[in-house]
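**Q** Structure file run32.cif (mmCIF, C-alpha atoms, pLDDT in the B column; chains and numbers go by the auth columns) right here:
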```
data_entry
#
loop_
_atom_site.group_PDB
_atom_site.id
_atom_site.type_symbol
_atom_site.label_atom_id
_atom_site.label_comp_id
_atom_site.label_asym_id
_atom_site.label_seq_id
_atom_site.Cartn_x
_atom_site.Cartn_y
_atom_site.Cartn_z
_atom_site.B_iso_or_equiv
_atom_site.auth_seq_id
_atom_site.auth_asym_id
ATOM 1 C CA MET A 1 -17.649 21.509 12.313 61.00 223 X
ATOM 2 C CA PRO A 2 -18.838 24.877 11.015 58.00 224 X
ATOM 3 C CA ARG A 3 -22.527 24.880 10.076 75.00 225 X
ATOM 4 C CA THR A 4 -23.551 28.417 9.295 82.00 226 X
ATOM 5 C CA VAL A 5 -22.182 30.613 6.520 84.00 227 X
ATOM 6 C CA GLU A 6 -20.568 32.849 9.142 83.00 228 X
ATOM 7 C CA GLU A 7 -18.901 29.856 10.838 85.00 229 X
ATOM 8 C CA ILE A 8 -17.659 28.542 7.487 84.00 230 X
ATOM 9 C CA LEU A 9 -16.205 31.941 6.566 86.00 231 X
ATOM 10 C CA ALA A 10 -14.583 32.299 9.988 87.00 232 X
ATOM 11 C CA HIS A 11 -13.102 28.821 9.636 87.00 233 X
ATOM 12 C CA ALA A 12 -11.813 29.679 6.142 88.00 234 X
ATOM 13 C CA ASP A 13 -10.207 32.857 7.485 89.00 235 X
ATOM 14 C CA GLU A 14 -8.532 30.841 10.233 90.00 236 X
ATOM 15 C CA LEU A 15 -7.153 28.382 7.688 88.00 237 X
ATOM 16 C CA VAL A 16 -5.869 31.219 5.494 89.00 238 X
ATOM 17 C CA ALA A 17 -4.121 32.784 8.489 89.00 239 X
ATOM 18 C CA ARG A 18 -2.519 29.433 9.374 87.00 240 X
ATOM 19 C CA PHE A 19 -1.371 28.922 5.799 83.00 241 X
ATOM 20 C CA GLU A 20 0.045 32.421 5.438 86.00 242 X
ATOM 21 C CA SER A 21 1.947 32.249 8.734 86.00 243 X
ATOM 22 C CA TYR A 22 3.257 28.715 8.246 82.00 244 X
ATOM 23 C CA GLU A 23 6.979 28.324 8.718 82.00 245 X
ATOM 24 C CA PRO A 24 8.279 24.879 7.767 76.00 246 X
ATOM 25 C CA ASP A 25 10.205 23.007 10.432 80.00 247 X
ATOM 26 C CA PRO A 26 12.917 20.901 8.783 79.00 248 X
ATOM 27 C CA ALA A 27 12.581 18.353 11.593 80.00 249 X
ATOM 28 C CA ASN A 28 8.975 17.702 10.560 78.00 250 X
ATOM 29 C CA GLU A 29 9.516 17.633 6.805 81.00 251 X
ATOM 30 C CA ILE A 30 9.377 14.363 4.914 85.00 252 X
ATOM 31 C CA ASN A 31 12.510 13.384 3.049 84.00 253 X
ATOM 32 C CA ILE A 32 11.426 13.059 -0.567 85.00 254 X
ATOM 33 C CA ASP A 33 14.149 10.492 -1.318 88.00 255 X
ATOM 34 C CA SER A 34 12.722 8.281 1.425 89.00 256 X
ATOM 35 C CA VAL A 35 9.227 8.651 -0.001 89.00 257 X
ATOM 36 C CA HIS A 36 10.481 7.659 -3.457 90.00 258 X
ATOM 37 C CA ALA A 37 12.375 4.672 -2.031 92.00 259 X
ATOM 38 C CA LEU A 38 9.265 3.479 -0.178 91.00 260 X
ATOM 39 C CA ARG A 39 7.083 3.934 -3.249 90.00 261 X
ATOM 40 C CA ASP A 40 9.559 2.011 -5.420 92.00 262 X
ATOM 41 C CA ALA A 41 9.781 -0.801 -2.862 93.00 263 X
ATOM 42 C CA VAL A 42 5.997 -1.128 -2.726 92.00 264 X
ATOM 43 C CA VAL A 43 5.845 -1.308 -6.529 91.00 265 X
ATOM 44 C CA GLU A 44 8.574 -3.976 -6.545 93.00 266 X
ATOM 45 C CA GLN A 45 6.748 -5.960 -3.870 93.00 267 X
ATOM 46 C CA SER A 46 3.506 -5.747 -5.814 92.00 268 X
ATOM 47 C CA ASN A 47 5.188 -6.914 -9.016 90.00 269 X
ATOM 48 C CA ALA A 48 6.911 -9.773 -7.184 93.00 270 X
ATOM 49 C CA GLU A 49 3.615 -10.862 -5.599 92.00 271 X
ATOM 50 C CA ARG A 50 1.928 -10.819 -9.019 93.00 272 X
ATOM 51 C CA HIS A 51 4.792 -12.835 -10.510 94.00 273 X
ATOM 52 C CA LEU A 52 4.643 -15.345 -7.647 95.00 274 X
ATOM 53 C CA LEU A 53 0.889 -15.713 -8.033 94.00 275 X
ATOM 54 C CA GLU A 54 1.286 -16.409 -11.763 95.00 276 X
ATOM 55 C CA ALA A 55 4.005 -18.983 -11.040 97.00 277 X
ATOM 56 C CA ILE A 56 1.855 -20.710 -8.426 97.00 278 X
ATOM 57 C CA LYS A 57 -1.069 -20.828 -10.839 97.00 279 X
ATOM 58 C CA ARG A 58 1.166 -22.348 -13.510 97.00 280 X
ATOM 59 C CA ALA A 59 2.530 -24.870 -11.005 97.00 281 X
ATOM 60 C CA ARG A 60 -0.966 -25.897 -9.926 97.00 282 X
ATOM 61 C CA ASP A 61 -2.122 -26.124 -13.547 97.00 283 X
ATOM 62 C CA SER A 62 0.808 -28.466 -14.248 97.00 284 X
ATOM 63 C CA GLY A 63 -0.199 -30.720 -11.343 97.00 285 X
ATOM 64 C CA MET A 64 2.209 -29.683 -8.579 97.00 286 X
ATOM 65 C CA THR A 65 0.959 -30.308 -5.076 97.00 287 X
ATOM 66 C CA TRP A 66 0.519 -27.554 -2.538 97.00 288 X
ATOM 67 C CA ALA A 67 3.230 -29.239 -0.444 98.00 289 X
ATOM 68 C CA SER A 68 5.735 -29.004 -3.315 98.00 290 X
ATOM 69 C CA ILE A 69 4.845 -25.393 -3.988 97.00 291 X
ATOM 70 C CA GLY A 70 5.158 -24.626 -0.280 97.00 292 X
ATOM 71 C CA THR A 71 8.691 -26.045 -0.316 97.00 293 X
ATOM 72 C CA PHE A 72 9.691 -23.634 -3.085 96.00 294 X
ATOM 73 C CA VAL A 73 7.934 -20.685 -1.464 95.00 295 X
ATOM 74 C CA GLY A 74 9.532 -21.423 1.896 96.00 296 X
ATOM 75 C CA THR A 75 6.432 -22.371 3.859 96.00 297 X
ATOM 76 C CA SER A 76 4.114 -25.302 4.350 97.00 298 X
ATOM 77 C CA GLY A 77 1.806 -26.546 1.640 97.00 299 X
ATOM 78 C CA GLU A 78 -1.189 -25.723 3.832 97.00 300 X
ATOM 79 C CA ALA A 79 -0.003 -22.153 4.394 96.00 301 X
ATOM 80 C CA VAL A 80 0.546 -21.532 0.680 96.00 302 X
ATOM 81 C CA ARG A 81 -2.818 -23.143 -0.151 96.00 303 X
ATOM 82 C CA GLN A 82 -4.600 -20.920 2.359 96.00 304 X
ATOM 83 C CA ARG A 83 -2.910 -17.790 1.041 93.00 305 X
ATOM 84 C CA TYR A 84 -3.160 -18.451 -2.696 94.00 306 X
ATOM 85 C CA GLY A 85 -5.712 -21.222 -3.161 95.00 307 X
ATOM 86 C CA ARG A 86 -8.736 -19.067 -3.945 93.00 308 X
ATOM 87 C CA ARG A 87 -6.671 -16.702 -6.072 90.00 309 X
ATOM 88 C CA VAL A 88 -5.367 -19.404 -8.426 91.00 310 X
ATOM 89 C CA ALA A 89 -8.513 -21.543 -8.677 80.00 311 X
#
```
Re-express the file's structure as structure tokens.

**A**
Amino acid sequence: MPRTVEEILAHADELVARFESYEPDPANEINIDSVHALRDAVVEQSNAERHLLEAIKRARDSGMTWASIGTFVGTSGEAVRQRYGRRVA
């Protein structure tokens, strides 16, 4: 890591030279459509998790057991309790 003013300036000059001589390699470029698809999927997953959490809270508030909730979620009651128990209490 550069420490002196001279080292910092030399490092800056090196970075400028790298930037100015950069030639993109299509093989190393990120496909923007893939980035958008991943971002959208993460948003969907987040929304679904929030919706599921709200539904579990409502189910618990109405008296459903963890075992019953686990059946609907597709896991055991203990697993769903461990994952969501503190978040819906």

**Q** Apply the PyMOL selection byres ((chain X and resi 277-279) around 10) to the file shown and report the selected residues as a PyMOL selection string.

**A** chain X and resi 271-276+280-286+288+291-292+294-295+302-303+306-307+309-311

**Q** Between atom CA of X:Leu260 and atom CA of X:Gln304, what is the distance, to one decimal in Å?

**A** 28.2 Å

**Q** Can you tell me how far atom CA of X:Val264 sits from atom CA of X:Ile252, in Å to one decimal?

**A**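 These atoms are spaced 17.6 Å apart.
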
**Q** Distance atom CA of X:Asp262-atom CA of X:Asn250, one decimal place?

**A** 22.4 Å

**Q** Adding 6 Å on each side of the box along x, y and z that holds all listed atoms of stretch 294-311 of chain X, could you give its centre and edge lengths in Å to one decimal, as AutoDock Vina command-line options?

**A**
```
--center_x 0.5 --center_y -21.6 --center_z -2.1 --size_x 30.4 --size_y 21.8 --size_z 25.1
```
